[in-house]
>>> print(open('data_38.cif').read())   # mmCIF, C-alpha atoms
data_structure
loop_
_atom_site.label_atom_id
_atom_site.label_comp_id
_atom_site.auth_asym_id
_atom_site.auth_seq_id
_atom_site.Cartn_x
_atom_site.Cartn_y
_atom_site.Cartn_z
CA MET A 1 -10.62 -26.48 -8.66
CA PRO A 2 -11.84 -23.03 -9.89
CA THR A 3 -12.26 -20.57 -7.01
CA SER A 4 -13.91 -17.15 -6.93
CA LEU A 5 -11.53 -14.40 -5.78
CA LYS A 6 -14.35 -11.96 -4.94
CA THR A 7 -13.68 -12.19 -1.19
CA TYR A 8 -9.89 -12.22 -1.67
CA ASN A 9 -9.56 -8.76 -3.26
CA THR A 10 -10.73 -5.54 -1.64
CA PHE A 11 -12.23 -4.23 -4.89
CA GLY A 12 -14.65 -7.18 -4.70
CA ILE A 13 -14.03 -8.15 -8.33
CA ASP A 14 -15.55 -11.55 -9.09
CA ALA A 15 -12.61 -13.01 -11.04
CA GLN A 16 -11.90 -16.74 -10.99
CA ALA A 17 -8.71 -18.60 -10.07
CA ALA A 18 -8.07 -21.82 -11.98
CA ASP A 19 -6.38 -23.28 -8.90
CA PHE A 20 -6.13 -21.95 -5.33
CA ILE A 21 -3.54 -23.04 -2.73
CA GLU A 22 -3.47 -21.71 0.85
CA ILE A 23 0.09 -21.20 2.18
CA SER A 24 0.33 -21.36 5.98
CA SER A 25 4.12 -21.63 6.48
CA GLU A 26 7.40 -20.83 4.79
CA GLN A 27 8.31 -24.52 4.88
CA GLN A 28 5.14 -25.46 3.02
CA LEU A 29 5.96 -22.84 0.38
CA GLN A 30 9.55 -24.03 0.00
CA GLU A 31 8.44 -27.64 -0.37
CA LEU A 32 5.80 -26.73 -2.95
CA LEU A 33 8.17 -24.66 -5.08
CA SER A 34 11.04 -27.15 -4.79
CA LYS A 35 8.75 -30.00 -5.84
CA ASP A 36 7.06 -28.22 -8.72
CA GLY A 37 10.19 -26.67 -10.18
CA PRO A 38 9.86 -23.59 -12.42
CA LYS A 39 6.18 -22.71 -12.70
CA ASP A 40 4.14 -19.57 -13.20
CA TYR A 41 2.32 -18.76 -9.95
CA PHE A 42 0.08 -15.86 -9.00
CA VAL A 43 0.91 -14.69 -5.48
CA LEU A 44 -1.99 -13.30 -3.42
CA GLY A 45 -1.80 -11.73 0.01
CA GLY A 46 -4.54 -9.42 1.27
CA GLY A 47 -5.64 -8.48 -2.25
CA SER A 48 -5.69 -4.83 -1.21
CA ASN A 49 -3.40 -3.32 -3.85
CA MET A 50 -4.62 -4.91 -7.04
CA LEU A 51 -7.24 -4.63 -9.75
CA LEU A 52 -8.34 -7.88 -11.42
CA CYS A 53 -9.39 -7.35 -15.02
CA ALA A 54 -9.36 -11.03 -15.97
CA ASN A 55 -9.54 -14.52 -14.53
CA ILE A 56 -6.29 -15.99 -13.17
CA GLU A 57 -5.16 -19.00 -15.18
CA GLN A 58 -2.09 -19.72 -13.01
CA SER A 59 -2.18 -21.47 -9.64
CA VAL A 60 -2.94 -18.83 -7.00
CA LEU A 61 -0.80 -19.02 -3.86
CA HIS A 62 -2.61 -17.31 -0.98
CA ILE A 63 0.07 -16.26 1.53
CA ASN A 64 -1.51 -16.67 4.96
CA ASN A 65 1.33 -17.62 7.36
CA LYS A 66 1.03 -16.03 10.81
CA GLY A 67 3.31 -15.26 13.75
CA ILE A 68 5.35 -12.57 15.54
CA ARG A 69 8.81 -13.22 17.00
CA GLU A 70 11.23 -11.02 18.94
CA VAL A 71 14.63 -11.04 17.22
CA SER A 72 16.60 -8.68 19.45
CA ARG A 73 16.21 -5.92 22.02
CA THR A 74 18.31 -3.06 23.36
CA GLU A 75 17.49 -0.36 25.86
CA ASP A 76 16.02 1.83 23.13
CA HIS A 77 14.87 -0.53 20.35
CA ILE A 78 13.26 -3.86 19.62
CA THR A 79 13.50 -5.83 16.39
CA LEU A 80 10.50 -8.01 15.57
CA GLU A 81 9.95 -10.54 12.80
CA PHE A 82 6.42 -10.67 11.41
CA GLN A 83 5.20 -13.50 9.19
CA ALA A 84 3.97 -12.28 5.82
CA GLY A 85 0.35 -13.34 6.34
CA GLU A 86 -0.15 -11.02 9.31
CA ASN A 87 -2.68 -8.25 8.68
CA TRP A 88 -0.87 -4.90 8.39
CA HIS A 89 -3.25 -2.82 10.54
CA ASP A 90 -3.31 -5.54 13.21
CA THR A 91 0.49 -5.41 13.15
CA VAL A 92 0.42 -1.65 13.70
CA MET A 93 -2.01 -1.99 16.59
CA TYR A 94 0.06 -4.77 18.16
CA CYS A 95 3.01 -2.37 18.19
CA VAL A 96 0.90 0.54 19.43
CA ASN A 97 -0.51 -1.57 22.28
CA HIS A 98 3.06 -2.45 23.33
CA ASN A 99 4.21 1.18 22.90
CA TYR A 100 6.64 0.19 20.14
CA GLY A 101 7.19 3.31 18.04
CA GLY A 102 7.76 3.76 14.33
CA ILE A 103 4.71 2.61 12.35
CA GLU A 104 1.85 4.34 14.18
CA ASN A 105 1.43 6.74 11.22
CA LEU A 106 0.72 3.73 9.01
CA ALA A 107 -2.44 2.65 10.83
CA LEU A 108 -5.45 1.47 8.82
CA ILE A 109 -3.50 0.74 5.63
CA PRO A 110 -5.17 -2.38 4.19
CA GLY A 111 -3.36 -5.56 3.24
CA LYS A 112 -0.83 -7.95 4.74
CA ILE A 113 2.68 -7.30 5.92
CA GLY A 114 4.27 -9.40 3.16
CA ALA A 115 3.20 -6.83 0.60
CA ALA A 116 4.54 -3.87 2.58
CA PRO A 117 8.15 -4.03 1.29
CA ILE A 118 7.03 -4.48 -2.32
CA GLN A 119 5.17 -1.18 -2.21
CA ASN A 120 7.33 0.52 0.45
CA ILE A 121 4.02 1.54 1.97
CA GLY A 122 3.81 4.99 3.50
CA ALA A 123 1.48 7.60 4.91
CA TYR A 124 1.57 10.83 6.90
CA GLY A 125 5.31 11.40 6.58
CA VAL A 126 6.44 7.83 7.38
CA GLU A 127 7.49 4.99 5.07
CA LEU A 128 8.20 1.33 5.74
CA LYS A 129 11.87 1.85 4.89
CA ASP A 130 12.20 4.08 7.98
CA VAL A 131 11.89 1.01 10.26
CA PHE A 132 12.79 -1.79 7.87
CA VAL A 133 15.64 -4.15 8.78
CA SER A 134 15.23 -7.08 6.38
CA CYS A 135 12.81 -9.49 4.80
CA THR A 136 12.96 -13.18 4.00
CA ALA A 137 11.77 -14.23 0.58
CA VAL A 138 11.58 -17.55 -1.23
CA GLU A 139 12.75 -17.72 -4.83
CA ILE A 140 9.91 -19.02 -6.97
CA ALA A 141 12.20 -20.77 -9.45
CA THR A 142 14.07 -22.81 -6.82
CA GLY A 143 12.16 -22.72 -3.54
CA LYS A 144 15.27 -21.41 -1.78
CA PRO A 145 15.00 -18.64 0.87
CA LYS A 146 17.03 -15.43 0.74
CA THR A 147 17.38 -12.48 3.10
CA PHE A 148 17.13 -8.95 1.69
CA ASN A 149 18.45 -6.05 3.78
CA LEU A 150 17.49 -2.39 3.49
CA GLU A 151 19.99 -1.63 0.75
CA ASP A 152 19.05 -4.75 -1.23
CA CYS A 153 15.42 -3.64 -1.44
CA GLN A 154 16.23 -0.39 -3.28
CA PHE A 155 13.26 1.41 -1.76
CA GLY A 156 11.82 4.46 -3.47
CA TYR A 157 8.50 6.29 -3.32
CA ARG A 158 5.97 3.40 -3.38
CA ASP A 159 8.68 1.39 -5.06
CA SER A 160 11.23 -1.39 -4.45
CA VAL A 161 13.39 -3.94 -6.23
CA PHE A 162 10.41 -6.32 -6.00
CA LYS A 163 8.47 -4.11 -8.42
CA ASN A 164 11.38 -3.84 -10.83
CA GLU A 165 14.36 -6.19 -11.40
CA LEU A 166 12.93 -8.92 -9.12
CA LYS A 167 9.27 -8.55 -10.04
CA GLY A 168 7.66 -11.97 -9.91
CA ALA A 169 10.87 -13.70 -8.83
CA TYR A 170 10.38 -13.96 -5.05
CA ILE A 171 7.61 -14.44 -2.49
CA ILE A 172 8.14 -12.55 0.77
CA THR A 173 7.50 -14.78 3.79
CA ALA A 174 8.61 -12.61 6.75
CA VAL A 175 9.57 -9.00 7.52
CA CYS A 176 11.83 -7.66 10.29
CA LEU A 177 11.21 -4.17 11.67
CA LYS A 178 13.24 -2.13 14.17
CA LEU A 179 10.94 -0.16 16.48
CA SER A 180 11.64 2.26 19.29
CA LEU A 181 11.05 1.41 22.95
CA ALA A 182 11.89 4.88 24.26
CA ASN A 183 12.54 8.39 22.93
CA HIS A 184 10.09 7.82 20.10
CA ALA A 185 10.73 9.97 17.01
CA LEU A 186 7.10 10.96 16.57
CA SER A 187 5.99 12.40 13.23
CA THR A 188 3.07 14.83 13.46
CA SER A 189 3.85 17.45 10.83
CA TYR A 190 2.25 15.78 7.80
CA GLY A 191 -1.40 16.13 6.93
CA ALA A 192 -3.95 16.90 9.61
CA ILE A 193 -2.39 14.94 12.47
CA ASN A 194 -1.71 17.95 14.71
CA THR A 195 -5.20 19.29 14.12
CA GLU A 196 -6.78 15.95 14.98
CA LEU A 197 -4.65 15.62 18.13
CA GLU A 198 -5.90 19.06 19.19
CA ASN A 199 -9.49 17.99 18.48
CA LEU A 200 -8.96 14.93 20.65
CA ASN A 201 -7.20 17.01 23.31
CA LEU A 202 -4.28 14.59 23.23
CA THR A 203 -0.53 15.13 23.34
CA PRO A 204 1.59 13.31 20.72
CA SER A 205 2.37 9.69 21.58
CA VAL A 206 2.53 6.39 19.74
CA ALA A 207 -1.08 5.64 20.71
CA SER A 208 -2.52 9.12 20.13
CA ILE A 209 -0.93 9.45 16.68
CA ALA A 210 -2.32 6.07 15.67
CA GLN A 211 -5.78 7.16 16.85
CA ALA A 212 -5.50 10.45 14.99
CA VAL A 213 -4.51 8.66 11.78
CA ILE A 214 -7.36 6.16 12.19
CA ASN A 215 -9.82 9.03 12.63
CA ILE A 216 -8.48 10.93 9.62
CA ARG A 217 -8.38 7.91 7.33
CA SER A 218 -11.83 6.76 8.44
CA SER A 219 -13.27 10.18 7.62
CA LYS A 220 -11.78 10.16 4.13
CA LEU A 221 -11.39 6.56 2.98
CA PRO A 222 -14.18 4.03 2.47
CA ASP A 223 -14.13 0.67 4.25
CA PRO A 224 -13.64 -2.12 1.65
CA ALA A 225 -16.12 -4.20 3.67
CA GLN A 226 -18.77 -1.59 2.83
CA ILE A 227 -17.76 -0.60 -0.71
CA GLY A 228 -15.12 -2.21 -2.91
CA ASN A 229 -11.91 -0.22 -3.26
CA SER A 230 -8.14 -0.51 -3.10
CA GLY A 231 -7.33 2.68 -1.25
CA SER A 232 -5.27 5.19 -3.23
CA PHE A 233 -5.51 4.18 -6.88
CA PHE A 234 -2.92 6.67 -8.13
CA LYS A 235 0.44 7.84 -6.83
CA ASN A 236 0.84 11.47 -5.83
CA PRO A 237 2.88 12.79 -8.77
CA VAL A 238 6.35 14.16 -8.08
CA ILE A 239 7.30 16.72 -10.73
CA SER A 240 10.28 18.94 -11.43
CA ARG A 241 10.33 22.38 -9.86
CA ALA A 242 10.26 23.96 -13.31
CA ALA A 243 7.13 22.00 -14.23
CA PHE A 244 5.60 22.86 -10.85
CA GLU A 245 6.16 26.58 -11.35
CA VAL A 246 4.26 26.39 -14.64
CA PHE A 247 1.48 24.43 -12.93
CA GLN A 248 1.35 26.78 -9.92
CA SER A 249 1.14 29.89 -12.10
CA LYS A 250 -2.14 28.55 -13.49
CA ASN A 251 -3.34 26.92 -10.23
CA PRO A 252 -2.06 29.08 -7.34
CA GLU A 253 -4.53 27.55 -4.89
CA ALA A 254 -3.28 23.98 -5.38
CA PRO A 255 -1.65 22.30 -2.36
CA PHE A 256 1.87 20.89 -2.69
CA TYR A 257 4.71 19.35 -0.69
CA GLU A 258 8.40 20.03 -1.06
CA VAL A 259 10.30 16.84 -1.89
CA SER A 260 13.74 18.29 -2.60
CA GLU A 261 15.35 21.38 -4.07
CA THR A 262 14.46 20.12 -7.52
CA GLU A 263 11.17 18.23 -7.01
CA VAL A 264 7.66 18.95 -5.72
CA LYS A 265 4.79 16.57 -4.91
CA VAL A 266 1.25 17.51 -5.97
CA PRO A 267 -1.72 15.64 -4.41
CA ALA A 268 -3.34 13.41 -7.03
CA GLY A 269 -6.68 13.68 -5.21
CA TRP A 270 -6.72 17.45 -5.76
CA LEU A 271 -5.98 17.01 -9.46
CA ILE A 272 -8.73 14.41 -9.89
CA GLU A 273 -11.26 16.45 -7.94
CA HIS A 274 -10.53 19.61 -9.93
CA ALA A 275 -10.78 17.65 -13.16
CA GLY A 276 -14.40 17.07 -12.15
CA PHE A 277 -14.40 13.41 -11.13
CA LYS A 278 -14.93 13.49 -7.36
CA GLY A 279 -18.10 11.59 -6.43
CA LYS A 280 -18.90 10.72 -10.06
CA ARG A 281 -20.31 7.31 -10.95
CA PHE A 282 -20.13 5.53 -14.28
CA GLY A 283 -22.30 2.44 -13.94
CA ASP A 284 -20.96 0.60 -10.88
CA ALA A 285 -17.46 2.07 -11.29
CA GLY A 286 -16.94 5.39 -9.56
CA VAL A 287 -14.80 7.92 -7.72
CA HIS A 288 -15.29 8.21 -3.97
CA ASP A 289 -17.26 11.26 -2.85
CA ARG A 290 -14.91 12.11 0.05
CA GLN A 291 -11.52 11.22 -1.45
CA ALA A 292 -11.05 11.54 -5.20
CA LEU A 293 -7.87 9.46 -5.06
CA VAL A 294 -10.00 6.37 -4.39
CA LEU A 295 -11.83 4.52 -7.15
CA VAL A 296 -14.73 2.37 -5.96
CA ASN A 297 -16.87 -0.58 -6.99
CA HIS A 298 -20.49 0.24 -6.21
CA GLY A 299 -21.48 -3.40 -6.53
CA ASN A 300 -20.89 -5.31 -9.72
CA ALA A 301 -18.29 -3.36 -11.65
CA THR A 302 -15.77 -5.42 -13.57
CA GLY A 303 -12.08 -4.74 -13.26
CA GLN A 304 -12.05 -3.57 -16.88
CA GLU A 305 -14.78 -0.99 -16.15
CA ILE A 306 -12.76 0.43 -13.25
CA TRP A 307 -9.61 0.46 -15.38
CA SER A 308 -11.45 2.30 -18.18
CA LEU A 309 -12.49 4.95 -15.65
CA ALA A 310 -8.90 5.22 -14.40
CA GLN A 311 -7.64 5.75 -17.95
CA ARG A 312 -10.24 8.45 -18.54
CA ILE A 313 -9.09 10.22 -15.36
CA GLN A 314 -5.44 10.00 -16.45
CA LYS A 315 -6.30 11.46 -19.86
CA GLU A 316 -8.31 14.40 -18.55
CA VAL A 317 -5.86 15.29 -15.74
CA LEU A 318 -3.03 15.31 -18.26
CA GLU A 319 -5.01 17.51 -20.65
CA LYS A 320 -6.11 19.95 -17.94
CA PHE A 321 -2.97 20.17 -15.79
CA GLY A 322 -0.14 18.74 -17.88
CA ILE A 323 0.61 16.19 -15.14
CA ALA A 324 0.68 12.45 -15.76
CA LEU A 325 -0.87 10.26 -13.07
CA GLN A 326 0.76 6.90 -12.38
CA VAL A 327 -1.23 3.96 -11.09
CA GLU A 328 -0.35 2.76 -7.57
CA VAL A 329 -2.30 -0.51 -7.63
CA ASN A 330 -1.13 -3.63 -9.45
CA LEU A 331 -3.05 -4.17 -12.67
CA ILE A 332 -3.82 -7.82 -13.37
CA GLY A 333 -4.88 -8.61 -16.93
CA CYS A 334 -5.85 -4.98 -17.64
#
>>> encode(input="data_38.cif", output="structure tokens")
Amino acid sequence: MPTSLKTYNTFGIDAQAADFIEISSEQQLQELLSKDGPKDYFVLGGGSNMLLCANIEQSVLHINNKGIREVSRTEDHITLEFQAGENWHDTVMYCVNHNYGGIENLALIPGKIGAAPIQNIGAYGVELKDVFVSCTAVEIATGKPKTFNLEDCQFGYRDSVFKNELKGAYIITAVCLKLSLANHALSTSYGAINTELENLNLTPSVASIAQAVINIRSSKLPDPAQIGNSGSFFKNPVISRAAFEVFQSKNPEAPFYEVSETEVKVPAGWLIEHAGFKGKRFGDAGVHDRQALVLVNHGNATGQEIWSLAQRIQKEVLEKFGIALQVEVNLIGC
């Protein structure tokens, strides 16, 4: 039965699914895939990292299995298994409330935990790979489960094996994370965390860092419940030092972050803002007025209209700064 996906994607795009199946357990998923044999499915979690430019003709599998299980514990660490349908921010707050350290910098990232390894989500100096132990995934072609460890996942900046060689081959059903119980390795050096902690008159802790990140993100990023968006639409470009020196000579005021001896990261939001797009609206497709890295749906924009705006931004940033912007969200039918 055709189903509207408007409430299943954070951009609020009113695309249609030809068939919609809710998945509430790994066993249900295995049985479905084993029974059906090879079939082209569209896998949907929180819908927070995608742009729908067309209707979905495949059967949509909505991954919504829930549960948290303790795998192991030592004096200093705990390993927890989270089912893929758990909300990511709720997962972070569960850990914060138990004083489990490691993902507090990743508060308020939208989506579900099953998508986290695909993207190697990260923010404020922390990435998923820093606490990742393994994930369980079911092979779509056979319905058989497989465990992927840290090395198997080939994590990179907003990247993993699931976006490359294994794209579309597996559905992640659970994720194991190793979190600290004591002697937390707190990360406060990135972004405005220290400043926000000072404003709150708080010393660094798992809870205070999470609160600082929530405050910072809330001040910059729009709530998808209020205005359709998918968070950061573009990756922050990492360029060679030689290319950066050319860029910096023309834009000495531009912020940057050292990545290595040979590479430098330039904030995409700065590039987009200084290309003149911040706060601009083109019909119902627009650029957020507080964070230029975020494209928004002001009401009834189609996915294609938002994608056309994104392409225009890419073109003008490249012409003005000589830096190519890469899309962070998954483009569906664009």
>>> resolve_selection(input="data_38.cif", expression="the PyMOL selection byres ((chain A and resi 256-258) around 12)", output="JSON, numbers by chain")
{"A": [124, 125, 189, 190, 191, 236, 237, 238, 239, 240, 241, 244, 245, 247, 248, 251, 252, 253, 254, 255, 259, 260, 261, 262, 263, 264, 265, 266, 267, 268, 269, 270, 271]}
>>> resolve_selection(input="data_38.cif", expression="the PyMOL selection byres ((chain A and resi 107-119) around 6)", output="PyMOL selection string")
chain A and resi 46+48+84-89+92+104-106+120-121+158-160+162+172+210
>>> resolve_selection(input="data_38.cif", expression="the PyMOL selection byres ((chain A and resi 176) around 10)", output="PyMOL selection string")
chain A and resi 68-71+79-83+131-136+149+174-175+177-179
>>> closest_residue(input="data_38.cif", among="A:Gln28, A:Thr203, A:Thr3, A:Gln314", to="Phe277 of chain A", atoms="all atoms listed in the file")
A:Gln314
>>> closest_residue(input="data_38.cif", among="A:Met93, A:Ile78, A:Ile56, A:Ala169", to="Lys39 of chain A", atoms="all atoms listed in the file")
A:Ala169
>>> atom_distance(input="data_38.cif", atom1="atom CA of Arg312 of chain A", atom2="atom CA of Gln291 of chain A")
17.4 Å
>>> closest_residue(input="data_38.cif", among="A:Cys153, A:Ala212, A:Ala18, A:Leu331", to="Ala137 of chain A", atoms="all atoms listed in the file")
A:Cys153
>>> residues_around(input="data_38.cif", residues="segment 324-326 of chain A", least_positions_apart="6", cutoff="6 Å", atoms="only C-alpha atoms", output="count of residues only")
4
>>> atom_distance(input="data_38.cif", atom1="atom CA of Thr74 of chain A", atom2="atom CA of Ile209 of chain A")
23.9 Å
>>> build_atoms(input="data_38.cif", residues="segment 222-234 of chain A", atoms="N, CA, C and O atoms", output="compact mmCIF listing (two decimals), in the frame of the given file")
# COMPACT_ATOMS: atom_id res chain seq x y z
N PRO A 222 -13.09 4.99 2.26
CA PRO A 222 -14.18 4.03 2.47
C PRO A 222 -13.65 2.68 2.96
O PRO A 222 -12.55 2.25 2.59
N ASP A 223 -14.45 2.00 3.76
CA ASP A 223 -14.13 0.67 4.25
C ASP A 223 -14.41 -0.34 3.14
O ASP A 223 -15.54 -0.42 2.65
N PRO A 224 -13.40 -1.13 2.72
CA PRO A 224 -13.64 -2.12 1.65
C PRO A 224 -14.75 -3.11 2.00
O PRO A 224 -15.34 -3.71 1.09
N ALA A 225 -15.03 -3.31 3.29
CA ALA A 225 -16.12 -4.20 3.67
C ALA A 225 -17.48 -3.60 3.32
O ALA A 225 -18.48 -4.32 3.19
N GLN A 226 -17.52 -2.28 3.15
CA GLN A 226 -18.77 -1.59 2.83
C GLN A 226 -18.89 -1.27 1.34
O GLN A 226 -19.98 -1.35 0.77
N ILE A 227 -17.77 -0.90 0.72
CA ILE A 227 -17.76 -0.60 -0.71
C ILE A 227 -16.39 -0.96 -1.27
O ILE A 227 -15.35 -0.60 -0.70
N GLY A 228 -16.38 -1.71 -2.36
CA GLY A 228 -15.12 -2.21 -2.91
C GLY A 228 -14.17 -1.10 -3.31
O GLY A 228 -14.56 -0.17 -4.03
N ASN A 229 -12.93 -1.19 -2.87
CA ASN A 229 -11.91 -0.22 -3.26
C ASN A 229 -10.54 -0.75 -2.90
O ASN A 229 -10.41 -1.74 -2.18
N SER A 230 -9.52 -0.08 -3.39
CA SER A 230 -8.14 -0.51 -3.10
C SER A 230 -7.34 0.65 -2.53
O SER A 230 -6.13 0.75 -2.75
N GLY A 231 -8.03 1.52 -1.80
CA GLY A 231 -7.33 2.68 -1.25
C GLY A 231 -6.91 3.62 -2.37
O GLY A 231 -7.61 3.77 -3.38
N SER A 232 -5.77 4.24 -2.22
CA SER A 232 -5.27 5.19 -3.23
C SER A 232 -4.99 4.46 -4.54
O SER A 232 -4.14 3.57 -4.59
N PHE A 233 -5.68 4.85 -5.59
CA PHE A 233 -5.51 4.18 -6.88
C PHE A 233 -4.31 4.73 -7.64
O PHE A 233 -3.63 4.00 -8.37
N PHE A 234 -4.03 6.02 -7.44
CA PHE A 234 -2.92 6.67 -8.13
C PHE A 234 -1.86 7.14 -7.14
O PHE A 234 -2.15 7.43 -5.98
